[in-house]
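**Q** One structure, pasted below without further comment.
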Amino acid sequence: MTSAPKHDVFQAIADPTRRKLLRLLADQEMPVTAISSHFPMSRTAVSKHLRVLAEAGLVKDKKIGRETRYHLQPEPLRELKDWLAYYERFWDNKLNLLKLLVEADDLDNIKPTRPKSL
(Lines give C-alpha, C1' and ligand atoms only; values in the text may rest on other atoms or scores of the structure.)
Protein backbone atom coordinates (compact mmCIF):
# COMPACT_ATOMS: atom_id res chain seq x y z
CA MET A 1 0.00 0.00 0.00
CA THR A 2 1.45 3.38 -0.96
CA SER A 3 0.92 6.52 1.01
CA ALA A 4 -0.83 9.54 -0.43
CA PRO A 5 1.46 11.98 -2.20
CA LYS A 6 2.66 14.88 -0.10
CA HIS A 7 1.35 18.32 -0.88
CA ASP A 8 3.70 20.96 -2.21
CA VAL A 9 3.87 24.57 -1.04
CA PHE A 10 1.69 25.80 -3.90
CA GLN A 11 -1.09 23.31 -3.14
CA ALA A 12 -0.85 24.06 0.56
CA ILE A 13 -1.26 27.82 0.26
CA ALA A 14 -3.95 27.61 -2.42
CA ASP A 15 -6.63 27.38 0.27
CA PRO A 16 -7.59 30.59 2.15
CA THR A 17 -8.06 28.68 5.41
CA ARG A 18 -4.52 27.37 5.25
CA ARG A 19 -3.19 30.86 4.49
CA LYS A 20 -4.98 32.12 7.60
CA LEU A 21 -3.47 29.25 9.59
CA LEU A 22 0.00 30.31 8.46
CA ARG A 23 -0.69 33.89 9.57
CA LEU A 24 -1.84 32.67 12.98
CA LEU A 25 1.27 30.56 13.46
CA ALA A 26 3.70 33.19 12.16
CA ASP A 27 4.18 34.82 15.55
CA GLN A 28 3.58 32.04 18.02
CA GLU A 29 3.32 28.34 18.60
CA MET A 30 -0.27 27.26 19.25
CA PRO A 31 -2.16 24.11 20.24
CA VAL A 32 -4.85 22.87 17.88
CA THR A 33 -7.59 23.81 20.35
CA ALA A 34 -6.51 27.47 20.32
CA ILE A 35 -6.10 27.43 16.54
CA SER A 36 -9.58 25.95 16.08
CA SER A 37 -11.18 28.81 17.99
CA HIS A 38 -10.30 31.12 15.08
CA PHE A 39 -12.32 29.13 12.54
CA PRO A 40 -16.02 28.31 12.04
CA MET A 41 -15.24 24.61 11.52
CA SER A 42 -14.57 21.53 13.59
CA ARG A 43 -11.22 20.81 15.20
CA THR A 44 -11.01 17.76 12.92
CA ALA A 45 -11.31 19.98 9.84
CA VAL A 46 -8.62 22.34 11.18
CA SER A 47 -6.41 19.31 11.86
CA LYS A 48 -6.80 18.20 8.24
CA HIS A 49 -5.66 21.63 7.04
CA LEU A 50 -2.71 21.50 9.44
CA ARG A 51 -1.81 18.08 8.05
CA VAL A 52 -1.65 19.48 4.50
CA LEU A 53 0.58 22.31 5.73
CA ALA A 54 2.79 19.80 7.56
CA GLU A 55 3.11 17.62 4.45
CA ALA A 56 4.30 20.70 2.56
CA GLY A 57 6.82 21.37 5.33
CA LEU A 58 5.19 24.67 6.28
CA VAL A 59 4.30 23.74 9.86
CA LYS A 60 5.80 21.41 12.42
CA ASP A 61 4.11 19.89 15.39
CA LYS A 62 5.44 18.79 18.73
CA LYS A 63 3.86 16.97 21.63
CA ILE A 64 3.96 18.62 25.01
CA GLY A 65 2.22 16.29 27.40
CA ARG A 66 -1.17 15.50 25.92
CA GLU A 67 -1.19 18.63 23.78
CA THR A 68 0.06 18.99 20.21
CA ARG A 69 1.47 22.42 19.41
CA TYR A 70 2.07 23.75 15.90
CA HIS A 71 4.53 26.35 14.68
CA LEU A 72 5.39 27.88 11.31
CA GLN A 73 8.35 26.62 9.28
CA PRO A 74 8.86 29.49 6.79
CA GLU A 75 11.77 27.98 4.85
CA PRO A 76 9.59 26.24 2.20
CA LEU A 77 8.04 29.61 1.38
CA ARG A 78 11.36 30.52 -0.28
CA GLU A 79 10.33 28.29 -3.23
CA LEU A 80 7.21 30.40 -3.63
CA LYS A 81 9.16 33.66 -3.24
CA ASP A 82 11.68 32.60 -5.88
CA TRP A 83 8.92 31.61 -8.30
CA LEU A 84 7.08 34.91 -7.80
CA ALA A 85 10.28 36.95 -8.12
CA TYR A 86 10.64 35.84 -11.73
CA TYR A 87 7.19 37.24 -12.59
CA GLU A 88 7.65 40.48 -10.68
CA ARG A 89 9.40 42.04 -13.65
CA PHE A 90 6.24 41.63 -15.72
CA TRP A 91 4.13 43.31 -13.05
CA ASP A 92 6.63 46.13 -12.71
CA ASN A 93 6.63 46.69 -16.48
CA LYS A 94 2.82 46.73 -16.61
CA LEU A 95 2.60 49.12 -13.66
CA ASN A 96 5.14 51.46 -15.23
CA LEU A 97 3.20 51.42 -18.49
CA LEU A 98 -0.06 52.10 -16.65
CA LYS A 99 1.56 55.02 -14.85
CA LEU A 100 2.76 56.50 -18.15
CA LEU A 101 -0.69 56.11 -19.70
CA VAL A 102 -2.45 57.73 -16.75
CA GLU A 103 0.01 60.60 -16.66
CA ALA A 104 -0.31 61.12 -20.43
CA ASP A 105 -4.12 61.09 -20.13
CA ASP A 106 -3.94 63.65 -17.34
CA LEU A 107 -1.83 65.92 -19.55
CA ASP A 108 -4.36 65.61 -22.39
CA ASN A 109 -7.19 66.65 -20.06
CA ILE A 110 -5.50 69.80 -18.86
CA LYS A 111 -6.96 72.80 -20.61
CA PRO A 112 -4.59 75.66 -21.17
CA THR A 113 -5.64 78.81 -19.41
CA ARG A 114 -5.51 82.15 -21.17
CA PRO A 115 -4.45 85.22 -19.36
CA LYS A 116 -7.34 87.55 -18.64
CA SER A 117 -7.37 90.64 -20.73
CA LEU A 118 -7.32 93.93 -19.00
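Residues are referred to by chain and number: the chain letter is A, B, ... according to the order shown in the C-alpha coordinates, the number counts from 1 in that chain, and ligands are numbered separately from 1 in the order shown.
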List every residue of chain A that DSSP, applied to the backbone of this structure, assigns to helix (DSSP H, G or I), and report them as number ranges by chain.
**A** A: 9-13, 16-25, 32-36, 43-55, 77-109
**Q** According to DSSP computed on the backbone, where in chain A is there strand (DSSP E)? Give the residues as an NGL selection string.
**A** :A and (30-31 or 59-64 or 67-72)
**Q** Restrict the selected residues to N, CA, C and O atoms and save them as a PDB file, in the first residue's frame.
**A**
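Just written: again_32.pdb:
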ATOM      1  N   MET A  30       1.087  27.379  18.703  1.00  0.00           N
ATOM      2  CA  MET A  30      -0.268  27.258  19.254  1.00  0.00           C
ATOM      3  C   MET A  30      -0.736  25.809  19.255  1.00  0.00           C
ATOM      4  O   MET A  30      -0.425  25.058  18.329  1.00  0.00           O
ATOM      5  N   PRO A  31      -1.542  25.443  20.256  1.00  0.00           N
ATOM      6  CA  PRO A  31      -2.164  24.113  20.238  1.00  0.00           C
ATOM      7  C   PRO A  31      -3.373  24.125  19.302  1.00  0.00           C
ATOM      8  O   PRO A  31      -3.954  25.174  19.032  1.00  0.00           O
ATOM      9  N   VAL A  59       4.472  23.733   8.412  1.00  0.00           N
ATOM     10  CA  VAL A  59       4.298  23.738   9.864  1.00  0.00           C
ATOM     11  C   VAL A  59       4.908  22.467  10.433  1.00  0.00           C
ATOM     12  O   VAL A  59       5.007  21.445   9.749  1.00  0.00           O
ATOM     13  N   LYS A  60       5.307  22.568  11.670  1.00  0.00           N
ATOM     14  CA  LYS A  60       5.803  21.407  12.422  1.00  0.00           C
ATOM     15  C   LYS A  60       4.957  21.300  13.674  1.00  0.00           C
ATOM     16  O   LYS A  60       4.457  22.297  14.190  1.00  0.00           O
ATOM     17  N   ASP A  61       4.819  20.087  14.136  1.00  0.00           N
ATOM     18  CA  ASP A  61       4.107  19.892  15.388  1.00  0.00           C
ATOM     19  C   ASP A  61       5.023  19.235  16.396  1.00  0.00           C
ATOM     20  O   ASP A  61       6.001  18.594  16.036  1.00  0.00           O
ATOM     21  N   LYS A  62       4.710  19.470  17.667  1.00  0.00           N
ATOM     22  CA  LYS A  62       5.443  18.786  18.729  1.00  0.00           C
ATOM     23  C   LYS A  62       4.483  18.514  19.871  1.00  0.00           C
ATOM     24  O   LYS A  62       3.569  19.289  20.133  1.00  0.00           O
ATOM     25  N   LYS A  63       4.696  17.380  20.502  1.00  0.00           N
ATOM     26  CA  LYS A  63       3.861  16.965  21.627  1.00  0.00           C
ATOM     27  C   LYS A  63       4.458  17.534  22.910  1.00  0.00           C
ATOM     28  O   LYS A  63       5.652  17.423  23.153  1.00  0.00           O
ATOM     29  N   ILE A  64       3.583  18.170  23.672  1.00  0.00           N
ATOM     30  CA  ILE A  64       3.959  18.617  25.008  1.00  0.00           C
ATOM     31  C   ILE A  64       2.879  18.062  25.929  1.00  0.00           C
ATOM     32  O   ILE A  64       1.749  18.563  25.959  1.00  0.00           O
ATOM     33  N   GLU A  67      -0.854  17.575  24.732  1.00  0.00           N
ATOM     34  CA  GLU A  67      -1.189  18.628  23.776  1.00  0.00           C
ATOM     35  C   GLU A  67      -0.230  18.614  22.583  1.00  0.00           C
ATOM     36  O   GLU A  67       0.961  18.404  22.744  1.00  0.00           O
ATOM     37  N   THR A  68      -0.763  18.844  21.410  1.00  0.00           N
ATOM     38  CA  THR A  68       0.060  18.990  20.208  1.00  0.00           C
ATOM     39  C   THR A  68       0.091  20.460  19.846  1.00  0.00           C
ATOM     40  O   THR A  68      -0.945  21.089  19.664  1.00  0.00           O
ATOM     41  N   ARG A  69       1.292  21.005  19.761  1.00  0.00           N
ATOM     42  CA  ARG A  69       1.471  22.417  19.409  1.00  0.00           C
ATOM     43  C   ARG A  69       2.055  22.509  18.004  1.00  0.00           C
ATOM     44  O   ARG A  69       2.879  21.705  17.606  1.00  0.00           O
ATOM     45  N   TYR A  70       1.623  23.538  17.277  1.00  0.00           N
ATOM     46  CA  TYR A  70       2.072  23.754  15.903  1.00  0.00           C
ATOM     47  C   TYR A  70       2.816  25.074  15.813  1.00  0.00           C
ATOM     48  O   TYR A  70       2.477  26.034  16.502  1.00  0.00           O
ATOM     49  N   HIS A  71       3.818  25.104  14.946  1.00  0.00           N
ATOM     50  CA  HIS A  71       4.531  26.354  14.676  1.00  0.00           C
ATOM     51  C   HIS A  71       4.924  26.417  13.198  1.00  0.00           C
ATOM     52  O   HIS A  71       5.072  25.388  12.534  1.00  0.00           O
ATOM     53  N   LEU A  72       5.067  27.624  12.711  1.00  0.00           N
ATOM     54  CA  LEU A  72       5.390  27.880  11.308  1.00  0.00           C
ATOM     55  C   LEU A  72       6.828  27.488  10.994  1.00  0.00           C
ATOM     56  O   LEU A  72       7.729  27.738  11.780  1.00  0.00           O
TER      57      LEU A  72
END
**Q** What separation in Å, quoted to one decimal, exists between CA of Glu75 (chain A) and CA of Ala26 (chain A)?
**A**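 Going from CA of Glu75 (chain A) over to CA of Ala26 (chain A), I get 12.1 Å.
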**Q** Ranking A:Met41, A:Ala56, A:Val46, A:Ile35 by minimum distance to Ile13 (chain A) and counting only C-alpha atoms, which one comes first?
**A**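 Closest to Ile13 (chain A) of all the choices is A:Ala56.
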**Q** If you count only C-alpha atoms, which residues fall within 8 Å of Leu50 (chain A), apart from same-chain ones fewer than 3 positions away, as a list in words?
**A** Arg18, Leu21, Val46, Ser47, Leu53, Ala54 and Val59 of chain A
**Q** So how many Å separate CA of Asp27 (chain A) and CA of His49 (chain A), to one decimal?
**A**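 Computed distance, CA of Asp27 (chain A) to CA of His49 (chain A), equals 18.5 Å.
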**Q** What is the CA of Leu58 (chain A)-CA of Val32 (chain A) distance in Å, reported with one decimal?
**A**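 Value for the CA of Leu58 (chain A)-CA of Val32 (chain A) distance: 15.4 Å.
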**Q** Contacts of Trp83 (chain A) at 12 Å or less, counting only C-alpha atoms, minus same-chain residues fewer than 6 places along, as a PyMOL selection string?
**A** chain A and resi 9-10+76-77+89
